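Here's input.cif, which has mmCIF, C-alpha atoms:
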data_query
#
loop_
_atom_site.label_atom_id
_atom_site.label_comp_id
_atom_site.auth_asym_id
_atom_site.auth_seq_id
_atom_site.Cartn_x
_atom_site.Cartn_y
_atom_site.Cartn_z
CA MET A 254 207.42 169.64 171.84
CA ASP A 255 207.92 167.42 168.86
CA ASP A 256 208.52 168.80 165.37
CA LYS A 257 204.99 168.03 164.21
CA THR A 258 203.50 170.06 167.07
CA VAL A 259 205.82 172.99 166.42
CA ARG A 260 205.01 172.96 162.69
CA SER A 261 201.31 172.83 163.48
CA MET A 262 201.55 175.77 165.89
CA ARG A 263 203.56 177.83 163.40
CA GLY A 264 201.04 177.01 160.70
CA GLY A 265 198.32 178.51 162.87
CA LEU A 266 200.06 181.85 163.38
CA GLU A 267 199.10 183.43 160.08
CA PRO A 268 195.39 182.52 160.35
CA LEU A 269 195.43 183.73 163.97
CA ALA A 270 196.97 187.06 162.95
CA LYS A 271 194.35 187.51 160.25
CA ALA A 272 191.56 186.60 162.67
CA LEU A 273 192.82 189.09 165.28
CA ASN A 274 192.97 191.80 162.64
CA LEU A 275 189.41 191.04 161.55
CA LEU A 276 188.22 190.91 165.18
CA ALA A 277 189.77 194.32 165.92
CA THR A 278 188.24 195.81 162.77
CA GLY A 279 184.85 194.28 163.53
CA LEU A 280 184.88 195.55 167.11
CA ASN A 281 185.70 199.06 165.98
CA LEU A 282 183.01 199.06 163.30
CA THR A 283 180.23 197.45 165.31
CA VAL A 284 181.01 198.55 168.85
CA ARG A 285 183.04 201.72 168.98
CA ASN A 286 181.67 203.50 165.88
CA VAL A 287 178.03 202.72 166.67
CA THR A 288 178.27 204.04 170.23
CA THR A 289 180.18 207.11 169.06
CA HIS A 290 177.60 208.06 166.42
CA THR A 291 174.33 207.38 168.25
CA ARG A 292 172.65 208.89 171.26
CA THR A 293 171.23 205.58 172.44
CA GLU A 294 172.51 204.66 175.87
CA LEU A 295 173.77 201.13 176.41
CA SER A 296 172.36 198.91 179.11
CA GLU A 297 174.83 197.75 181.74
CA GLN A 298 174.74 194.24 180.21
CA GLU A 299 175.49 195.52 176.69
CA ALA A 300 178.34 197.67 177.97
CA MET A 301 179.86 194.74 179.88
CA GLU A 302 179.64 192.48 176.82
CA ARG A 303 181.39 195.06 174.67
CA LEU A 304 184.05 195.59 177.30
CA ALA A 305 184.57 191.82 177.51
CA ALA A 306 185.09 191.63 173.73
CA TYR A 307 187.79 194.33 173.85
CA SER A 308 189.35 192.71 176.91
CA TYR A 309 189.59 189.37 175.11
CA LEU A 310 191.20 191.00 172.07
CA ALA A 311 193.72 192.78 174.32
CA ARG A 312 194.61 189.49 176.04
CA LEU A 313 195.25 187.76 172.71
CA LEU A 314 197.41 190.65 171.49
CA ASP A 315 199.39 190.69 174.76
CA ARG A 316 200.10 186.98 174.43
CA ALA A 317 201.25 187.44 170.84
CA GLY A 318 203.52 190.32 171.89
CA ASP A 319 204.99 188.29 174.75
CA ARG A 320 205.84 185.43 172.41
CA ARG A 321 207.49 187.80 169.95
CA ALA A 322 209.53 189.44 172.70
CA ARG A 323 210.71 186.05 174.00
CA ALA A 324 211.68 184.98 170.47
CA GLY A 325 213.63 188.23 169.99
CA ALA A 326 215.42 187.78 173.32
CA GLU A 327 216.36 184.22 172.34
CA ARG A 328 217.78 185.49 169.03
CA ASP A 329 219.81 188.11 170.91
CA ARG A 330 221.08 185.49 173.37
CA ARG A 331 222.25 183.32 170.49
CA GLY A 332 223.92 186.29 168.81
CA LEU A 333 221.76 186.11 165.71
CA SER A 334 221.59 189.33 163.76
CA GLY A 335 218.78 190.97 161.90
CA PRO A 336 215.24 191.83 162.86
CA LEU A 337 212.76 189.27 164.07
CA THR A 338 210.48 188.59 161.15
CA SER A 339 207.15 186.91 160.94
CA THR A 340 205.00 186.07 157.97
CA SER A 341 201.97 186.13 160.23
CA GLY A 342 202.07 189.83 161.07
CA VAL A 343 201.81 189.08 164.79
#
Any chance you could put this one into structure tokens?
Amino acid sequence: MDDKTVRSMRGGLEPLAKALNLLATGLNLTVRNVTTHTRTELSEQEAMERLAAYSYLARLLDRAGDRRARAGAERDRRGLSGPLTSTSGV
């Protein structure tokens, strides 16, 4: 990848981290909490949609974790010291 692409991707990490945080918070407030505090039973369709939303969030978080692990392994391979840091929180 060229430098411009790398800079662009890095620039998107912080907004992505914030969006994932907001998505997780929103899912917990609108999906988990509502179903925990009501006696209304979900239809199969509603349950599948909610499961899909959590599944999508989990996939995004897994990808972020994989990237972080690869970056840490590369730092170790190069003999760089110190923790892997990120301004994005991912």
- For stretch 292-303 of chain A, list every protein, DNA or RNA residue within 12 Å, evaluated using only C-alpha atoms, and leave out those in the same chain fewer than 5 positions away; present the list as a ChimeraX atom specification. /A:279-281,283-287,308-310
- Task: One decimal, Å: what's the distance from atom CA of A:Arg260 over to atom CA of A:Leu273, could you say?
- Result: 20.4 Å
- Task: Would you work out the distance separating atom CA of A:Tyr307 from atom CA of A:Leu282, expressed in Å to one decimal?
- Result: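 Result for atom CA of A:Tyr307 versus atom CA of A:Leu282: 12.5 Å, one decimal.
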- Message: Around (191.8, 191.7, 169.9), as given in the file, which residues come within 6 Å? Count only C-alpha atoms and list them as a ChimeraX atom specification.
- Response: /A:273,276-277,310-311,313-314
- Message: As an exercise, work out the distance from atom CA of A:Pro268 to atom CA of A:Ala317 in Å and give it to one decimal place.
- Response: 13.0 Å
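Distances from A:Arg323, A:Thr289, A:Lys257, A:Arg316 to A:Leu269 were compared using only C-alpha atoms, and the smallest one belongs to A:Arg316.
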